[in-house]
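Novice: I'd like to ask you about the structure that follows.
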Amino acid sequence: MELGESLTAHLLELSRNGRAAYLAAHPEPALILERPPEAEADDGGWASFNTNTFNVKAGGAIASMTDAELDAAARIEGLRLLALVKAAHNPWRGRISIGRARSNDLALPSAAVSKLHAHFTVDEDGSVRVTDAGSHNGTMLNGKRLVSGEPVLLTPGDRLELGNVKAVFHTPQSLCDFLAAQLTH
């Protein structure tokens with residue numbers, strides 16, 4: 001099982017197709033996930049791309065990367081993108097569950113993550129809230145532990161910790177800005 005999507009594939013998509021096409025294809029908020037410590041010994045689904053092999057499958061075809069894309073890909077190696085979307089198999093309307101159990105909308109393969117760790121809600125205006133679901137190791141937002149059951153509004157760039165999994169929250173626009181900045185860094 002591979003967790004989330006390659007951030008490099010998204011970088012290439014933005015670089016090749018432009019901002020408007022990227023945003024049209026990816027209208028959902030997302031988390032950029034860092035590889036947790038235990039993933040070093042056992043991949044557990046946290047696949048990363050090898051910066052020594054600079055060909056990435058993009059849009060069903062192997063694409064050669066420009067120097068700017070290679071540099072950007074090296075900076076984001078090991079990061080994964082997890083779109084905050086509702087899974088078809090999950091009956092809980094109105095919230096996107098995240099945790100260790102595969103029955104969640106978003107499953108994180110880490111022993112430090114509770115079976116049902118937290119959930120996200122997306123308001124009608126597109127704003128996103130996170131709520132800790134009584135997790136054992138807690139949910140941290142920008143270094144502060146969330147109170148279980150109390151939803152908190154997220155803003156682009158907010159840093160989340162779910163057990164030992166570290167993530168950065170992005171809106172579609174802020175993700176696009178982040179990726180574009182990697183290309184011009």
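Lettering and numbering for the structure tokens are positional, with chains as A, B, ... in the shown order, residues counted from 1 in each chain, and ligands counted from 1 in the shown order.
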With a distance cut-off of 6 Å and only C-alpha atoms, select the neighbouring residues of A:Ala118, excluding the residue or stretch itself and same-chain residues fewer than 2 positions from it, and output the selection as a list in words.

Specialist: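 Everything that qualifies: Ile98, Thr131, Asp132 and Ala133 of chain A.
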
Novice: At most 9 Å is the cut-off: for each residue in stretch 68-145 of chain A with any atom that close to an atom of stretch 11-28 of chain A, write down the nearest atom pair and the distance in Å rounded to one decimal, counting only C-alpha atoms, chain first then increasing number, as a Markdown table.

Specialist:
```
| residue | atom | partner | partner_atom | distance |
| --- | --- | --- | --- | --- |
| A:Glu69 | CA | A:Leu12 | CA | 7.1 |
| A:Ala72 | CA | A:Leu11 | CA | 8.0 |
| A:Ala73 | CA | A:Leu11 | CA | 7.7 |
| A:Ala83 | CA | A:Glu28 | CA | 6.4 |
| A:Leu84 | CA | A:Glu28 | CA | 6.4 |
| A:Val85 | CA | A:Glu28 | CA | 7.0 |
| A:Gly126 | CA | A:Glu28 | CA | 8.9 |
```

Novice: Using only C-alpha atoms, which residues sit within 12 Å of A:Asp71 once same-chain residues fewer than 5 positions away are excluded, as a count of residues only?

Specialist: 15

Novice: Could you please write out, as JSON, numbers by chain, every residue of chain A that DSSP assigns to alpha helix (DSSP H)?

Specialist: {"A": [7, 8, 9, 10, 11, 12, 13, 14, 15, 16, 17, 19, 20, 21, 22, 23, 24, 25, 67, 68, 69, 70, 71, 72, 73, 74, 75, 172, 173, 174, 175, 176, 177, 178, 179, 180, 181, 182, 183, 184]}

Novice: Output C-alpha atoms for every residue in that selection, as a CSV table (one decimal), in the first residue's frame.

Specialist:
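Written output follows (again_20.csv):
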```
chain,number,residue,atom,x,y,z
A,7,LEU,CA,4.4,15.3,-4.2
A,8,THR,CA,6.9,15.2,-7.1
A,9,ALA,CA,4.1,14.1,-9.5
A,10,HIS,CA,2.1,17.1,-8.4
A,11,LEU,CA,5.1,19.4,-8.8
A,12,LEU,CA,5.5,18.1,-12.4
A,13,GLU,CA,1.8,18.5,-13.1
A,14,LEU,CA,1.9,22.1,-12.0
A,15,SER,CA,5.1,22.8,-13.9
A,16,ARG,CA,3.8,21.2,-17.2
A,17,ASN,CA,0.2,22.2,-17.1
A,19,ARG,CA,-1.7,26.9,-12.3
A,20,ALA,CA,-5.3,27.1,-13.6
A,21,ALA,CA,-5.2,23.5,-14.9
A,22,TYR,CA,-3.6,22.2,-11.7
A,23,LEU,CA,-6.3,23.9,-9.5
A,24,ALA,CA,-9.1,22.6,-11.7
A,25,ALA,CA,-7.8,19.1,-11.3
A,67,ASP,CA,17.0,21.1,-14.0
A,68,ALA,CA,14.5,23.2,-12.0
A,69,GLU,CA,12.2,20.2,-11.6
A,70,LEU,CA,15.1,18.0,-10.5
A,71,ASP,CA,16.2,20.6,-7.9
A,72,ALA,CA,12.6,21.0,-6.6
A,73,ALA,CA,12.1,17.2,-6.5
A,74,ALA,CA,15.3,16.8,-4.4
A,75,ARG,CA,13.9,19.3,-1.9
A,172,PRO,CA,-5.6,24.1,-3.1
A,173,GLN,CA,-4.2,27.6,-3.6
A,174,SER,CA,-1.6,27.4,-0.9
A,175,LEU,CA,-0.5,24.0,-2.1
A,176,CYS,CA,-0.1,25.4,-5.6
A,177,ASP,CA,1.9,28.3,-4.2
A,178,PHE,CA,4.1,25.9,-2.2
A,179,LEU,CA,4.8,23.8,-5.3
A,180,ALA,CA,5.5,26.9,-7.4
A,181,ALA,CA,8.0,28.2,-4.8
A,182,GLN,CA,9.9,24.8,-5.0
A,183,LEU,CA,10.3,25.4,-8.7
A,184,THR,CA,11.7,28.9,-8.2
```

Novice: From the list A:Leu154, A:Ser64, A:Gly94, A:Arg159, which residue is nearest A:Asn142 when using only C-alpha atoms?

Specialist: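 Selected residue with least distance to A:Asn142: A:Arg159.
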
Novice: When you count only C-alpha atoms, which of these residues is closest to A:Val152: A:Ala111, A:Thr121, A:Leu116, A:Leu31?

Specialist: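 Checking each candidate against A:Val152, we get A:Thr121 as the closest.
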
Novice: Which residue is closest to A:His117? Choose from A:Leu162, A:Val130, A:Leu146, A:Leu153 and count only C-alpha atoms.

Specialist: A:Leu162

Novice: One decimal, in Å: what's the spacing between atom CA of A:Asn164 and atom CA of A:Arg95?

Specialist: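 That distance, rounded to one decimal, is 22.3 Å.
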
Novice: Could you write out, as a list in words, all the residues of stretch 96-143 of chain A that DSSP marks as strand (DSSP E)?

Specialist: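 The strand (DSSP E) residues within stretch 96-143 of chain A come out as Ile96, Ser97, Ile98, Gly99, Leu106, Ala107, Ala118, His119, Phe120, Thr121, Val122, Val128, Arg129, Val130, Thr131, Asp132, Thr139, Met140 and Leu141 of chain A.
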
Novice: For A:Ala87, please output as a ChimeraX atom specification all residues within 12 Å (counting only C-alpha atoms; exclusion window: fewer than 3 positions along the same chain).

Specialist: /A:83-84,90-98,102-107

Novice: Could you check how far atom CA of A:Leu82 sits from atom CA of A:Lys115, in Å to one decimal?

Specialist: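 Calculated distance between atom CA of A:Leu82 and atom CA of A:Lys115 is 17.5 Å.
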
Novice: I want to know what sits within 9 Å of A:Leu33, based on only C-alpha atoms, with residues of the same chain fewer than 4 positions away left out; could you give that as number ranges by chain?

Specialist: A: 4, 78-82, 165-168
